[in-house]
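The file target.txt comes next; it holds compact mmCIF, C-alpha atoms and all ligand atoms.
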```txt
# COMPACT_ATOMS: atom_id res chain seq x y z
CA MET A 297 11.22 -46.07 77.93
CA LEU A 298 8.35 -43.74 78.81
CA ASP A 299 5.01 -44.35 77.16
CA ILE A 300 5.17 -40.90 75.51
CA GLU A 301 8.55 -41.77 73.99
CA ARG A 302 7.12 -45.05 72.67
CA ARG A 303 4.13 -43.26 71.14
CA THR A 304 6.45 -40.68 69.59
CA LEU A 305 8.47 -43.46 67.97
CA LEU A 306 5.23 -44.95 66.62
CA ALA A 307 4.41 -41.54 65.11
CA TRP A 308 7.85 -41.41 63.49
CA ASN A 309 7.31 -44.92 62.21
CA ALA A 310 3.98 -43.83 60.68
CA TYR A 311 5.79 -40.81 59.18
CA GLY A 312 8.38 -43.13 57.61
CA THR A 313 5.70 -45.52 56.33
CA HIS A 314 3.83 -42.58 54.79
CA HIS A 315 6.95 -41.56 52.86
CA GLN A 316 7.73 -45.16 51.86
CA ALA A 317 4.21 -45.41 50.37
CA ARG A 318 4.66 -42.12 48.51
CA GLY A 319 8.11 -43.12 47.28
CA THR A 320 9.57 -39.86 48.61
CA GLU A 321 13.12 -39.31 47.38
CA ILE A 322 15.71 -38.63 50.07
CA PRO A 323 17.58 -35.48 49.06
CA GLU A 324 21.36 -35.73 49.05
CA ALA A 325 22.90 -33.52 51.75
CA ASP A 326 26.05 -31.68 50.74
CA ARG A 327 26.51 -30.15 54.19
CA LEU A 328 25.32 -30.80 57.70
CA SER A 329 22.77 -28.19 58.78
CA TRP A 330 21.69 -27.84 62.40
CA GLY A 331 18.59 -25.74 61.77
CA TYR A 332 15.40 -26.81 60.01
CA TRP A 333 16.59 -24.85 57.00
CA PRO A 334 19.14 -26.44 54.66
CA THR A 335 21.49 -23.65 53.69
CA ALA A 336 22.28 -21.01 56.32
CA GLY A 337 24.19 -21.36 59.57
CA PRO A 338 26.99 -23.53 60.92
CA GLY A 339 27.78 -26.91 59.35
CA GLU A 340 29.85 -29.97 60.18
CA GLU A 341 32.91 -27.89 61.05
CA VAL A 342 31.53 -27.58 64.59
CA LEU A 343 32.20 -31.32 65.03
CA GLY A 344 35.94 -30.80 64.60
CA ASP A 345 38.22 -33.15 62.69
CA LEU A 346 36.48 -36.53 62.41
CA THR A 347 39.48 -38.41 60.98
CA GLY A 348 40.00 -41.65 62.88
CA ARG A 349 37.23 -40.80 65.37
CA ARG A 350 34.36 -42.99 66.51
CA VAL A 351 31.31 -40.94 65.55
CA LEU A 352 27.61 -41.51 66.31
CA ASP A 353 24.58 -39.81 64.75
CA LEU A 354 21.71 -40.05 67.26
CA GLY A 355 18.20 -40.15 65.76
CA SER A 356 19.61 -40.28 62.23
CA GLY A 357 16.30 -40.55 60.34
CA THR A 358 16.82 -41.24 56.65
CA GLY A 359 20.59 -41.10 57.12
CA LYS A 360 21.37 -38.18 54.82
CA PHE A 361 23.73 -36.42 57.25
CA PRO A 362 25.81 -39.43 58.36
CA ALA A 363 25.93 -40.50 54.69
CA HIS A 364 27.32 -37.06 53.80
CA LEU A 365 29.99 -37.29 56.53
CA ALA A 366 30.90 -40.84 55.46
CA ARG A 367 31.25 -39.73 51.81
CA ASN A 368 33.80 -37.25 53.08
CA GLY A 369 35.93 -39.85 54.85
CA ALA A 370 34.40 -40.18 58.34
CA CYS A 371 33.31 -43.49 59.88
CA VAL A 372 29.85 -42.92 61.31
CA ASP A 373 27.42 -45.13 63.20
CA ALA A 374 23.83 -43.91 62.85
CA VAL A 375 21.18 -45.01 65.33
CA GLU A 376 17.50 -44.59 64.48
CA GLY A 377 14.59 -45.81 66.60
CA ALA A 378 11.69 -45.85 64.13
CA ARG A 379 11.76 -48.98 61.97
CA ALA A 380 10.35 -47.34 58.81
CA GLN A 381 12.82 -44.45 59.03
CA HIS A 382 15.66 -46.95 59.47
CA GLU A 383 14.37 -48.94 56.47
CA ARG A 384 14.35 -45.78 54.36
CA ALA A 385 17.97 -45.13 55.36
CA VAL A 386 18.95 -48.73 54.53
CA ALA A 387 17.18 -48.56 51.15
CA ARG A 388 19.02 -45.34 50.27
CA TYR A 389 22.44 -45.74 51.90
CA GLY A 390 22.77 -49.41 52.93
CA GLY A 391 26.27 -50.68 52.13
CA GLN A 392 27.84 -47.22 51.88
CA ALA A 393 31.49 -47.28 53.01
CA GLY A 394 32.05 -45.70 56.42
CA LEU A 395 28.38 -45.80 57.42
CA ARG A 396 26.75 -48.29 59.82
CA LEU A 397 22.97 -48.02 60.12
CA ILE A 398 21.57 -49.29 63.42
CA HIS A 399 17.90 -49.75 64.32
CA ALA A 400 17.56 -49.21 68.08
CA ASP A 401 16.32 -46.85 70.73
CA ALA A 402 19.26 -44.48 71.14
CA ALA A 403 19.37 -44.63 74.97
CA GLU A 404 19.31 -48.44 75.02
CA TYR A 405 21.95 -48.58 72.30
CA LEU A 406 24.25 -46.16 74.12
CA GLY A 407 23.91 -48.14 77.35
CA GLY A 408 25.86 -51.02 75.76
CA ALA A 409 28.03 -49.20 73.20
CA GLU A 410 31.79 -48.83 73.03
CA PRO A 411 32.68 -45.19 73.83
CA TYR A 412 32.39 -42.62 71.05
CA ASP A 413 34.69 -39.65 70.41
CA VAL A 414 31.86 -37.61 68.89
CA VAL A 415 28.11 -37.96 69.37
CA TYR A 416 25.92 -35.55 67.42
CA SER A 417 22.22 -35.21 66.80
CA VAL A 418 20.33 -33.05 64.34
CA HIS A 419 16.92 -32.66 66.01
CA GLY A 420 16.87 -36.26 67.23
CA LEU A 421 17.78 -35.86 70.88
CA PRO A 422 14.71 -33.89 72.12
CA TYR A 423 12.38 -36.86 71.52
CA ILE A 424 14.04 -38.81 74.32
CA ASP A 425 13.54 -38.19 78.05
CA PRO A 426 16.76 -36.40 79.14
CA HIS A 427 16.70 -38.22 82.49
CA ARG A 428 16.85 -41.54 80.59
CA LEU A 429 19.15 -40.51 77.75
CA LEU A 430 21.81 -38.34 79.39
CA PRO A 431 23.21 -40.94 81.85
CA ALA A 432 23.66 -43.40 78.96
CA LEU A 433 25.03 -40.70 76.66
CA ALA A 434 27.52 -39.29 79.17
CA GLY A 435 28.71 -42.84 79.90
CA ALA A 436 29.16 -43.58 76.19
CA LEU A 437 31.37 -40.55 75.51
CA ALA A 438 35.10 -41.19 75.67
CA PRO A 439 37.06 -38.85 77.97
CA GLY A 440 37.42 -35.61 76.01
CA GLY A 441 34.61 -36.75 73.67
CA ARG A 442 32.24 -34.20 72.16
CA LEU A 443 28.48 -33.90 72.17
CA VAL A 444 26.87 -31.52 69.67
CA PHE A 445 23.13 -31.36 69.11
CA SER A 446 20.38 -29.14 67.83
CA ALA A 447 16.97 -28.94 69.47
CA LEU A 448 13.81 -26.97 68.88
CA HIS A 449 13.84 -23.65 70.77
CA THR A 450 10.78 -21.79 69.44
CA SER A 451 8.18 -23.44 67.22
CA SER A 452 6.82 -21.85 64.05
CA ALA A 453 3.65 -21.22 66.10
CA GLY A 454 5.76 -19.04 68.42
CA ASP A 455 5.84 -21.38 71.44
CA GLY A 456 9.12 -20.83 73.29
CA PRO A 457 11.13 -23.28 75.38
CA SER A 458 10.22 -24.59 78.82
CA THR A 459 12.07 -24.03 82.11
CA SER A 460 11.02 -27.45 83.42
CA VAL A 461 11.99 -30.90 82.18
CA THR A 462 8.65 -31.80 80.64
CA ALA A 463 7.68 -32.93 77.16
CA ARG A 464 5.05 -31.13 75.11
CA PRO A 465 3.11 -32.06 71.98
CA GLU A 466 4.35 -30.78 68.62
CA ARG A 467 2.79 -31.23 65.18
CA LEU A 468 4.63 -33.35 62.64
CA PRO A 469 3.17 -32.39 59.24
CA LEU A 470 2.74 -35.07 56.59
CA ALA A 471 3.46 -34.45 52.93
CA GLY A 472 0.15 -34.33 51.07
CA GLY A 473 -1.84 -33.18 54.11
CA GLY A 474 -2.58 -34.20 57.67
CA SER A 475 -0.22 -34.41 60.60
CA LEU A 476 0.95 -36.59 63.46
CA THR A 477 1.64 -35.64 67.07
CA VAL A 478 5.04 -36.16 68.66
CA ARG A 479 6.20 -35.25 72.18
CA MET A 480 9.37 -33.23 72.58
CA TRP A 481 11.48 -31.83 75.38
CA VAL A 482 11.72 -28.19 74.22
CA LEU A 483 13.96 -26.67 76.88
CA THR A 484 15.66 -23.32 77.50
CA PRO A 485 19.41 -23.16 76.83
CA THR A 486 19.93 -22.70 80.59
CA LEU A 487 18.04 -25.88 81.36
CA TRP A 488 19.95 -27.88 78.74
CA GLU A 489 23.15 -26.57 80.28
CA ASP A 490 22.06 -27.54 83.81
CA LEU A 491 21.10 -31.05 82.67
CA LEU A 492 24.39 -31.60 80.85
CA VAL A 493 26.47 -30.34 83.77
CA ASP A 494 24.47 -32.52 86.16
CA HIS A 495 25.52 -35.49 84.04
CA GLY A 496 29.20 -34.61 84.22
CA LEU A 497 29.61 -32.83 80.88
CA LEU A 498 31.21 -29.44 80.30
CA VAL A 499 29.28 -26.99 78.15
CA ASP A 500 31.45 -25.12 75.63
CA ARG A 501 28.88 -23.02 73.84
CA ILE A 502 25.16 -22.67 73.24
CA ASP A 503 23.75 -20.68 70.32
CA VAL A 504 20.17 -19.96 69.40
CA LEU A 505 19.87 -20.17 65.61
CA THR A 506 17.00 -18.25 64.08
CA ALA A 507 15.35 -19.07 60.77
CA PRO A 508 16.73 -17.04 57.86
CA ALA A 509 13.20 -16.08 56.74
CA ASP A 510 11.86 -13.23 58.88
CA ASP A 511 8.20 -14.31 58.65
CA THR A 512 8.57 -17.12 61.22
CA PRO A 513 9.64 -17.18 64.88
CA LEU A 514 11.17 -20.66 64.33
CA ALA A 515 14.47 -21.04 66.19
CA CYS A 516 16.64 -23.87 67.45
CA THR A 517 19.31 -24.30 70.08
CA LEU A 518 22.75 -25.58 69.05
CA VAL A 519 24.58 -27.06 72.04
CA ARG A 520 28.28 -27.93 72.11
CA ALA A 521 29.62 -29.83 75.11
CA HIS A 522 32.29 -32.36 75.95
CA ARG A 523 33.15 -34.94 78.55
CA PRO A 524 36.11 -33.87 80.68
CA ASP A 525 38.90 -36.27 81.47
CA SER A 526 38.24 -38.66 84.33
CA ARG A 527 39.76 -36.42 87.00
CA SER A 528 36.60 -34.28 87.21
CA ALA A 529 33.65 -35.70 89.10
CA PRO A 530 30.11 -35.19 87.73
CA GLY A 531 28.65 -31.84 88.69
CA THR A 532 31.98 -30.31 89.65
CA GLY A 533 34.39 -28.11 87.77
CA PRO A 534 33.78 -25.20 85.40
CA GLY A 535 30.95 -26.83 83.47
CA ARG A 536 28.58 -23.88 83.32
CA LEU A 537 28.79 -20.99 80.88
CA ARG A 538 27.37 -18.63 83.50
CA SER A 539 28.29 -18.34 87.15
C1 LIG B 1 13.47 -34.68 63.24
S1 LIG B 1 13.99 -36.31 62.79
C2 LIG B 1 15.69 -35.96 62.40
C3 LIG B 1 16.32 -36.98 61.53
C4 LIG B 1 17.76 -36.68 61.11
N1 LIG B 1 18.60 -36.36 62.24
C5 LIG B 1 17.78 -35.54 60.10
O1 LIG B 1 18.05 -34.40 60.51
O2 LIG B 1 17.51 -35.79 58.93
C6 LIG B 1 14.13 -37.09 64.39
C7 LIG B 1 14.46 -38.60 64.32
O3 LIG B 1 14.71 -39.07 65.66
C8 LIG B 1 14.19 -40.39 65.75
N2 LIG B 1 13.97 -40.80 67.13
C9 LIG B 1 12.98 -40.40 67.97
N3 LIG B 1 13.07 -41.05 69.15
C10 LIG B 1 14.16 -41.87 69.07
C11 LIG B 1 14.77 -42.80 69.96
N4 LIG B 1 14.26 -43.02 71.18
N5 LIG B 1 15.87 -43.46 69.54
C12 LIG B 1 16.39 -43.25 68.30
N6 LIG B 1 15.84 -42.40 67.40
C13 LIG B 1 14.74 -41.71 67.77
C14 LIG B 1 12.89 -40.31 64.96
O4 LIG B 1 12.40 -41.58 64.60
C15 LIG B 1 13.30 -39.43 63.77
O5 LIG B 1 13.71 -40.19 62.67
```

Encoded form using structure tokens:
Amino acid sequence: MLDIERRTLLAWNAYGTHHQARGTEIPEADRLSWGYWPTAGPGEEVLGDLTGRRVLDLGSGTGKFPAHLARNGACVDAVEGARAQHERAVARYGGQAGLRLIHADAAEYLGGAEPYDVVYSVHGLPYIDPHRLLPALAGALAPGGRLVFSALHTSSAGDGPSTSVTARPERLPLAGGGSLTVRMWVLTPTLWEDLLVDHGLLVDRIDVLTAPADDTPLACTLVRAHRPDSRSAPGTGPGRLRS
């Protein structure tokens, strides 16, 4: 793990500890939302039918989205790297049928996991170095398995995505005042596509979702990809949306 990833996890741990001390309630999610806004935009339907599938939520935080999917009949594993965030999830959803809460770095976990049919991440994936995560992730997807994730595209300060695979600092505001700094890979849709294709995945669709309020430039990328069957070699085949 890179030092910046480790420091980012420490920041998320401090964030979780802050909320544990405040006794912050975890709101119940009644839909999966890929943006930073709870109501508008696509929901869990983009994951397809989850019945009988092995599903992983990557960077699951307080667990509200995997808990929602599990309440609706899915069996979901949820991996979260920051201990305090994981503890909050366990305190709220521990023991819920269909939900397994795992405390681990997602890349290390995926390196030893049984293959998943669906891996999704709501703003969890961009905190992990793509060069470390994507080999483990591509290897942990079953043939035909889906990857769907959302990632910051343009910050509320108006900073757009990068065309190089580098992490940048972003502010993580704390309830009650103050903030922490996290490092994120905020990449253009084209760069995400290139990285996924380079790791043997086929990209089905990439959307840029903009905030419903028109007073903020905030936007996020929603990426849908899948692992082809084993006949295609990494980096070959019609993986790219553009030619
Ligand atoms: C923006 S939060 C999203 C949480 C959750 N997906 C949600 O939407 O409620 C990002 C989460 O990713 C977690 N995370 C960051 N780096 C991670 C890593 N290397 N392995 C697993 N989780 C990680 C953070 O601790 C944090 O809880």

Fewer than 4 positions away in the same chain doesn't count, so skip those; otherwise give me all residues within 10 Å of region 334-341 of chain A, counting only C-alpha atoms, as a list of chain:residue names. A:Ala325, A:Asp326, A:Arg327, A:Leu328, A:Ser329, A:Trp330, A:Asp345, A:Leu346, A:Phe361, A:His364, A:Leu365, A:Tyr416, A:Leu505, A:Thr506, A:Ala507, A:Pro508, A:Leu518

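Distances to ligand LIG 1 (chain B) were evaluated for A:Pro469, A:Gly319, A:Gly344, A:Gly359 using all atoms listed in the file, and the minimum falls at A:Gly359.
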
Within 7 Å of region 386-409 of chain A, which residues of region 418-470 of chain A come that close, and what is the closest atom pair and distance in Å for each? Count all atoms listed in the file and give it as a Markdown table.
```
| residue | atom | partner | partner_atom | distance |
| --- | --- | --- | --- | --- |
| A:Arg428 | CA | A:Ala403 | CA | 6.9 |
| A:Leu429 | CA | A:Ala403 | CA | 5.0 |
| A:Ala432 | CA | A:Gly407 | CA | 5.0 |
| A:Leu433 | CA | A:Leu406 | CA | 6.1 |
| A:Ala436 | CA | A:Leu406 | CA | 5.9 |
```

Please write out the residues within 7 Å of ligand LIG 1 (chain B) as a VMD selection string, counting all atoms listed in the file. chain A and resid 301 304 to 305 308 to 309 354 to 361 375 to 378 381 400 to 403 417 to 421 423 to 424

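Nearest residue to Ser460 (chain A), choosing from A:Val499, A:Leu487, A:Val519, A:Ala363 and counting all atoms listed in the file: A:Leu487.
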
Select, from A:Pro411, A:Gly496, A:Pro513, A:Gly441, the residue with the minimum atom-to-atom distance to Gly454 (chain A), counting only C-alpha atoms. A:Pro513

Counting all atoms listed in the file, closest pick from A:Arg367, A:Arg501, A:Arg384, A:Arg318 relative to Arg442 (chain A) is A:Arg501

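Restricting the calculation to only C-alpha atoms, the smallest distance between Leu491 (chain A) and any of A:Ala434, A:Cys516, A:Leu468, A:Leu476 is found for A:Ala434.
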
With only C-alpha atoms as the atoms that count, which of A:His314, A:Ile502, A:Leu492, A:Gly369 lies nearest to Val342 (chain A)? A:Ile502

Straight-line distance linking CA of His382 (chain A) with CA of Met297 (chain A), stated in Å to one decimal: 19.0 Å
